[in-house]
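Participant: Contents of model_27.tsv (TSV, C-alpha atoms) are given next:
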```
chain	number	residue	atom	x	y	z
A	1	MET	CA	8.30	18.51	5.07
A	2	ASN	CA	12.08	18.31	5.36
A	3	GLU	CA	13.90	15.30	6.77
A	4	LYS	CA	14.00	16.67	10.31
A	5	THR	CA	10.27	17.41	10.30
A	6	PHE	CA	9.59	14.00	8.77
A	7	VAL	CA	11.36	12.34	11.69
A	8	GLU	CA	9.42	14.49	14.18
A	9	TYR	CA	6.03	13.73	12.64
A	10	ALA	CA	6.84	10.03	12.30
A	11	LEU	CA	7.52	10.03	16.05
A	12	LYS	CA	4.01	11.41	16.58
A	13	LEU	CA	2.79	8.26	14.80
A	14	GLY	CA	4.82	6.20	17.26
A	15	ILE	CA	7.55	5.47	14.71
A	16	LYS	CA	11.19	6.14	15.49
A	17	ILE	CA	13.23	6.68	12.32
A	18	GLU	CA	16.80	5.53	12.93
A	19	GLU	CA	19.66	7.15	11.00
A	20	ASN	CA	20.24	4.13	8.76
A	21	LYS	CA	16.57	4.11	7.70
A	22	LEU	CA	16.69	7.83	6.97
A	23	ARG	CA	19.74	7.26	4.77
A	24	MET	CA	17.86	4.56	2.86
A	25	LEU	CA	14.87	6.84	2.33
A	26	ASP	CA	17.17	9.57	1.08
A	27	ARG	CA	18.80	7.16	-1.37
A	28	TYR	CA	15.35	5.97	-2.45
A	29	TYR	CA	14.46	9.60	-3.14
A	30	GLU	CA	17.61	10.09	-5.24
A	31	LEU	CA	16.88	6.98	-7.33
A	32	LEU	CA	13.23	8.00	-7.74
A	33	VAL	CA	14.06	11.46	-9.04
A	34	GLU	CA	16.78	10.16	-11.36
A	35	LYS	CA	14.53	7.49	-12.88
A	36	ASN	CA	11.64	9.92	-13.13
A	37	LYS	CA	13.66	11.84	-15.74
A	38	VAL	CA	13.17	8.99	-18.23
A	39	MET	CA	9.83	7.48	-17.14
A	40	ASN	CA	6.77	8.78	-15.34
A	41	LEU	CA	6.89	7.37	-11.83
A	42	THR	CA	5.42	10.37	-10.00
A	43	ASN	CA	4.39	13.96	-10.59
A	44	ILE	CA	5.75	14.80	-7.14
A	45	ILE	CA	9.51	15.33	-7.31
A	46	GLU	CA	10.41	18.18	-4.91
A	47	LYS	CA	12.11	16.64	-1.90
A	48	ASP	CA	9.89	18.21	0.76
A	49	ASP	CA	6.80	17.08	-1.17
A	50	VAL	CA	8.07	13.52	-1.58
A	51	TYR	CA	8.77	13.26	2.14
A	52	LEU	CA	5.28	14.50	2.97
A	53	LYS	CA	3.04	13.11	0.23
A	54	HIS	CA	4.82	9.81	-0.36
A	55	PHE	CA	7.04	8.86	2.59
A	56	TYR	CA	5.03	10.26	5.51
A	57	ASP	CA	1.73	9.42	3.83
A	58	SER	CA	2.87	5.80	3.51
A	59	LEU	CA	3.57	5.66	7.24
A	60	THR	CA	0.07	6.83	8.20
A	61	ILE	CA	-1.11	3.24	7.78
A	62	SER	CA	0.25	2.84	11.31
A	63	MET	CA	-2.81	4.77	12.52
A	64	VAL	CA	-4.98	1.70	11.90
A	65	CYS	CA	-2.52	-1.20	11.99
A	66	ASP	CA	0.42	-2.10	14.23
A	67	LEU	CA	2.88	-3.46	11.67
A	68	ASN	CA	5.31	-4.42	14.43
A	69	SER	CA	3.00	-7.35	15.16
A	70	LYS	CA	2.60	-8.45	11.52
A	71	GLU	CA	4.83	-10.74	9.45
A	72	SER	CA	3.78	-10.25	5.83
A	73	LEU	CA	2.45	-7.46	3.61
A	74	CYS	CA	1.45	-7.23	-0.05
A	75	ASP	CA	1.10	-3.88	-1.81
A	76	ILE	CA	-1.23	-4.07	-4.81
A	77	GLY	CA	-0.70	-1.51	-7.57
A	78	THR	CA	2.43	-0.32	-5.80
A	79	GLY	CA	3.48	2.12	-8.55
A	80	ALA	CA	6.78	3.68	-7.47
A	81	GLY	CA	6.69	1.72	-4.21
A	82	PHE	CA	4.17	3.54	-2.03
A	83	PRO	CA	3.38	2.46	0.60
A	84	GLY	CA	5.01	-0.99	0.37
A	85	LEU	CA	8.68	-0.12	-0.15
A	86	VAL	CA	8.61	2.67	2.44
A	87	LEU	CA	7.03	0.29	4.95
A	88	LYS	CA	9.72	-2.32	4.28
A	89	ILE	CA	12.45	0.23	5.01
A	90	ILE	CA	10.81	1.31	8.27
A	91	TYR	CA	9.67	-2.19	9.32
A	92	PRO	CA	12.55	-4.40	8.12
A	93	HIS	CA	11.13	-7.56	9.75
A	94	LEU	CA	8.20	-7.58	7.30
A	95	LYS	CA	8.16	-9.95	4.36
A	96	VAL	CA	6.91	-7.67	1.57
A	97	VAL	CA	5.71	-8.26	-1.99
A	98	LEU	CA	5.17	-5.31	-4.34
A	99	VAL	CA	2.73	-6.03	-7.17
A	100	ASP	CA	2.27	-3.91	-10.28
A	101	SER	CA	1.07	-4.56	-13.83
A	102	LEU	CA	3.69	-2.29	-15.46
A	103	ASP	CA	7.01	-4.05	-15.97
A	104	LYS	CA	9.01	-0.79	-16.13
A	105	ARG	CA	7.95	0.08	-12.60
A	106	ILE	CA	8.85	-3.37	-11.34
A	107	LYS	CA	12.32	-3.11	-12.87
A	108	PHE	CA	12.81	0.25	-11.13
A	109	LEU	CA	11.67	-1.18	-7.79
A	110	SER	CA	13.92	-4.21	-8.18
A	111	ASP	CA	16.87	-1.87	-8.78
A	112	VAL	CA	16.02	0.13	-5.65
A	113	ILE	CA	15.69	-3.04	-3.58
A	114	LYS	CA	19.11	-4.20	-4.78
A	115	ASP	CA	20.71	-0.79	-4.27
A	116	LEU	CA	19.43	-0.57	-0.69
A	117	GLY	CA	20.42	-4.16	0.11
A	118	LEU	CA	16.93	-5.09	1.30
A	119	GLU	CA	16.04	-8.73	1.96
A	120	ASN	CA	12.70	-10.55	2.13
A	121	ILE	CA	11.10	-8.18	-0.36
A	122	GLU	CA	10.17	-8.86	-3.97
A	123	ALA	CA	8.71	-6.78	-6.79
A	124	ILE	CA	6.51	-8.82	-9.14
A	125	HIS	CA	5.16	-7.94	-12.57
A	126	VAL	CA	1.68	-9.45	-12.56
A	127	ARG	CA	-1.95	-8.40	-12.67
A	128	ALA	CA	-3.54	-8.31	-9.23
A	129	GLU	CA	-6.37	-10.70	-10.12
A	130	ASP	CA	-3.91	-13.31	-11.40
A	131	TYR	CA	-1.66	-13.00	-8.36
A	132	ALA	CA	-4.67	-13.31	-6.05
A	133	LYS	CA	-5.60	-16.64	-7.63
A	134	THR	CA	-2.21	-18.16	-6.78
A	135	HIS	CA	-1.63	-16.58	-3.35
A	136	ARG	CA	-4.95	-16.95	-1.60
A	137	ASP	CA	-5.21	-16.42	2.17
A	138	TYR	CA	-1.50	-15.60	2.29
A	139	TYR	CA	-0.84	-12.14	3.78
A	140	ASP	CA	-1.38	-10.60	7.19
A	141	VAL	CA	-1.91	-7.20	5.56
A	142	VAL	CA	-2.73	-6.20	2.00
A	143	THR	CA	-2.49	-2.53	1.05
A	144	SER	CA	-3.44	-0.42	-1.93
A	145	ARG	CA	-2.96	3.33	-2.28
A	146	ALA	CA	-5.16	5.33	-4.65
A	147	VAL	CA	-5.33	2.56	-7.28
A	148	ALA	CA	-9.04	1.97	-8.02
A	149	ARG	CA	-12.47	2.20	-6.44
A	150	LEU	CA	-13.14	0.13	-3.33
A	151	SER	CA	-15.76	-1.90	-5.19
A	152	ILE	CA	-12.94	-3.18	-7.42
A	153	LEU	CA	-10.12	-3.31	-4.88
A	154	THR	CA	-11.97	-5.43	-2.35
A	155	GLU	CA	-12.44	-8.26	-4.86
A	156	LEU	CA	-8.78	-8.07	-5.90
A	157	CYS	CA	-7.22	-7.74	-2.44
A	158	LEU	CA	-9.35	-9.64	0.07
A	159	PRO	CA	-8.71	-13.09	-1.48
A	160	LEU	CA	-4.99	-12.47	-0.83
A	161	THR	CA	-5.62	-11.69	2.84
A	162	LYS	CA	-5.47	-14.28	5.59
A	163	VAL	CA	-8.60	-14.95	7.61
A	164	ASP	CA	-8.55	-12.38	10.43
A	165	GLY	CA	-6.06	-10.36	8.38
A	166	TYR	CA	-6.60	-6.87	6.99
A	167	PHE	CA	-6.97	-5.18	3.66
A	168	ILE	CA	-6.17	-1.49	4.19
A	169	SER	CA	-7.15	0.91	1.44
A	170	MET	CA	-5.49	4.34	1.42
A	171	LYS	CA	-7.71	7.03	-0.10
A	172	SER	CA	-8.43	10.74	-0.07
A	173	HIS	CA	-12.19	11.34	0.13
A	174	ALA	CA	-13.91	7.94	0.25
A	175	LYS	CA	-17.45	8.34	1.64
A	176	ASP	CA	-19.21	7.45	-1.62
A	177	GLU	CA	-16.97	4.43	-2.21
A	178	ILE	CA	-17.51	3.16	1.31
A	179	ASN	CA	-21.27	3.46	0.94
A	180	GLU	CA	-21.34	1.33	-2.21
A	181	ILE	CA	-19.56	-1.81	-0.93
A	182	GLY	CA	-22.06	-3.20	1.62
A	183	LYS	CA	-23.20	-6.12	-0.55
A	184	ASN	CA	-19.67	-6.57	-1.81
A	185	LEU	CA	-18.31	-7.24	1.68
A	186	VAL	CA	-21.08	-9.70	2.49
A	187	ILE	CA	-20.14	-11.78	-0.57
A	188	LEU	CA	-16.45	-11.55	0.34
A	189	ASN	CA	-17.04	-12.55	4.00
A	190	SER	CA	-15.44	-9.37	5.30
A	191	LYS	CA	-16.36	-6.22	7.20
A	192	ILE	CA	-15.12	-2.67	7.62
A	193	ASP	CA	-13.29	-2.73	10.92
A	194	GLU	CA	-12.15	0.89	11.14
A	195	ILE	CA	-12.26	4.12	9.14
A	196	LYS	CA	-9.74	6.84	9.92
A	197	THR	CA	-10.02	10.25	8.26
A	198	PHE	CA	-7.36	12.90	8.86
A	199	SER	CA	-5.43	15.71	7.21
A	200	LEU	CA	-1.81	15.60	6.08
A	201	PRO	CA	0.37	18.07	8.00
A	202	PHE	CA	1.10	21.49	6.49
A	203	GLU	CA	-1.21	21.25	3.47
A	204	ASP	CA	-4.35	19.83	5.14
A	205	SER	CA	-5.30	17.53	2.26
A	206	ILE	CA	-7.78	14.84	3.32
A	207	ARG	CA	-6.72	11.21	3.73
A	208	THR	CA	-8.90	8.21	4.59
A	209	LEU	CA	-7.73	4.80	5.76
A	210	ILE	CA	-10.28	1.99	5.43
A	211	ARG	CA	-9.37	-1.15	7.36
A	212	ILE	CA	-11.34	-4.20	6.24
A	213	LYS	CA	-11.13	-7.45	8.18
A	214	LYS	CA	-11.51	-10.78	6.40
A	215	GLU	CA	-13.67	-12.94	8.67
A	216	ARG	CA	-13.95	-16.18	6.69
A	217	LEU	CA	-12.62	-17.85	3.55
A	218	ILE	CA	-13.87	-16.44	0.25
A	219	ASP	CA	-15.39	-18.45	-2.59
A	220	LYS	CA	-12.60	-19.44	-4.99
A	221	LYS	CA	-14.45	-17.98	-7.97
A	222	TYR	CA	-13.26	-14.59	-6.71
A	223	PRO	CA	-11.47	-12.61	-7.96
A	224	ARG	CA	-13.09	-12.74	-11.37
A	225	ASP	CA	-11.48	-11.54	-14.60
A	226	PHE	CA	-10.71	-7.82	-14.30
A	227	LYS	CA	-12.98	-6.87	-17.20
A	228	GLU	CA	-15.86	-8.57	-15.39
A	229	ILE	CA	-14.99	-6.92	-12.07
A	230	LYS	CA	-14.93	-3.51	-13.71
A	231	ARG	CA	-18.08	-4.12	-15.78
A	232	LYS	CA	-20.14	-5.47	-12.90
A	233	PRO	CA	-18.75	-4.91	-9.38
A	234	LEU	CA	-20.22	-7.18	-6.70
```
Let me see whether you can do it: turn the structure in this file into structure tokens.
Facilitator:
Amino acid sequence: MNEKTFVEYALKLGIKIEENKLRMLDRYYELLVEKNKVMNLTNIIEKDDVYLKHFYDSLTISMVCDLNSKESLCDIGTGAGFPGLVLKIIYPHLKVVLVDSLDKRIKFLSDVIKDLGLENIEAIHVRAEDYAKTHRDYYDVVTSRAVARLSILTELCLPLTKVDGYFISMKSHAKDEINEIGKNLVILNSKIDEIKTFSLPFEDSIRTLIRIKKERLIDKKYPRDFKEIKRKPL
């Protein structure tokens, strides 16, 4: 997917990519590839692949959520900034927080944010469960892309989400994970609101978006310590 095709396929999602945003994405790509020479940010480094599997893939969240109507977004386990940093570039009105437990990644993201001159976005080095305890019921949308199983992610991400807000998990195949979180969502006062399965253009790899709506406040004992979450999911 070259830049021209990226713009065309983004338009099919209802997203118009202005020239200044395309320049920022291109600069982001340059910084990503340069930093990837000295630390492992991504195994995907060819430009066409980055535009398809990272940039376009990040934008597919628009299939289940109109970010034009949202004010705040938190990306848990953001890694090299997908989808959170891409979404900030395309939706500049959003207040965005990128969360990751690896300080080296956060330093890279902070450098990119500064280089691009972005405002109202912050990259924070913190574990998701600790951040969730101090920012409860805070975000319109919480995202996480291929970080952990849904049984773990729901307990980490839903406490961060506002009542009537959304946690949107970005997966490949997810049927088994979806089937195992019924009890989990009851405890966390939430429900699956929409599931969207589709194929990426050109390569036809499967993607699944799971939109989970938080219906009521969640008991403050959640999220638990990560070791406990992993040992005994809800």
Participant: Excluding Asn179 in chain A and any residue of its chain fewer than 5 positions from it, enumerate the residues within 12 Å of it, using only C-alpha atoms, and give them as number ranges by chain.
Facilitator: A: 149-151, 174, 184-185, 192, 210
Participant: Please, could you write that set of residues out with C-alpha atoms as a short mmCIF file (atom, residue, chain, number, x, y, z; two decimals), in the coordinates of the input?
Facilitator:
```cif
data_model
loop_
_atom_site.label_atom_id
_atom_site.label_comp_id
_atom_site.auth_asym_id
_atom_site.auth_seq_id
_atom_site.Cartn_x
_atom_site.Cartn_y
_atom_site.Cartn_z
CA ARG A 149 -12.47 2.20 -6.44
CA LEU A 150 -13.14 0.13 -3.33
CA SER A 151 -15.76 -1.90 -5.19
CA ALA A 174 -13.91 7.94 0.25
CA ASN A 184 -19.67 -6.57 -1.81
CA LEU A 185 -18.31 -7.24 1.68
CA ILE A 192 -15.12 -2.67 7.62
CA ILE A 210 -10.28 1.99 5.43
#
```
Participant: Give me the residues near range 115-132 of chain A as a PyMOL selection string, where near means some atom within 9 Å (using all atoms listed in the file) and where sequence neighbours in that chain fewer than 6 positions away do not count.
Facilitator: chain A and resi 24+27-28+76-77+85+88-89+92-107+109+155-160+222-226
Participant: Need to verify the contact set: Thr78 in chain A, 8 Å, only C-alpha atoms, exclusion of same-chain residues closer than 3 positions in sequence. Can you return it as number ranges by chain?
Facilitator: A: 75, 81-84, 98-100, 144-145
Participant: Here is a test: counting all atoms listed in the file, which residue of A:Leu52, A:Leu11, A:Val142, A:Ile44 is nearest to Leu67 in chain A?
Facilitator: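 When distances to Leu67 in chain A are compared using all atoms listed in the file, the smallest one comes from A:Val142.
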Participant: Find, counting only C-alpha atoms, the residue in A:Lys232, A:Lys171, A:Lys35, A:Lys227 that gets nearest to Arg211 in chain A.
Facilitator: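 Nearest candidate to Arg211 in chain A out of A:Lys232, A:Lys171, A:Lys35, A:Lys227: A:Lys171.
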Participant: In Å to one decimal, how far is CA of Leu234 in chain A from CA of Met63 in chain A?
Facilitator: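 So the two atoms, CA of Met63 in chain A and CA of Leu234 in chain A, lie 28.6 Å apart.
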Participant: Do a neighbour search on Glu46 in chain A at 12 Å with all atoms listed in the file, toss out local chain neighbours closer than 2 positions, and write the hits as a PyMOL selection string.
Facilitator: chain A and resi 1-2+29-30+32-33+36+42-44+48-54
Participant: Ranking A:Phe6, A:Ser169, A:Ala80, A:Thr154 by minimum distance to Asn40 in chain A and counting only C-alpha atoms, which one comes first?
Facilitator: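 Counting only C-alpha atoms, the residue closest to Asn40 in chain A is A:Ala80.
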Participant: Could you name the residues that touch Val141 in chain A at 8 Å or less, counting only C-alpha atoms, but leaving out those on the same chain fewer than 4 positions away, as a ChimeraX atom specification?
Facilitator: /A:70,72-74,161-162,165-168
Participant: When you count only C-alpha atoms, which of these residues is closest to Glu19 in chain A: A:Thr60, A:Ile90, A:Tyr139, A:Phe55?
Facilitator: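 Ranking A:Thr60, A:Ile90, A:Tyr139, A:Phe55 by distance to Glu19 in chain A, first place goes to A:Ile90.
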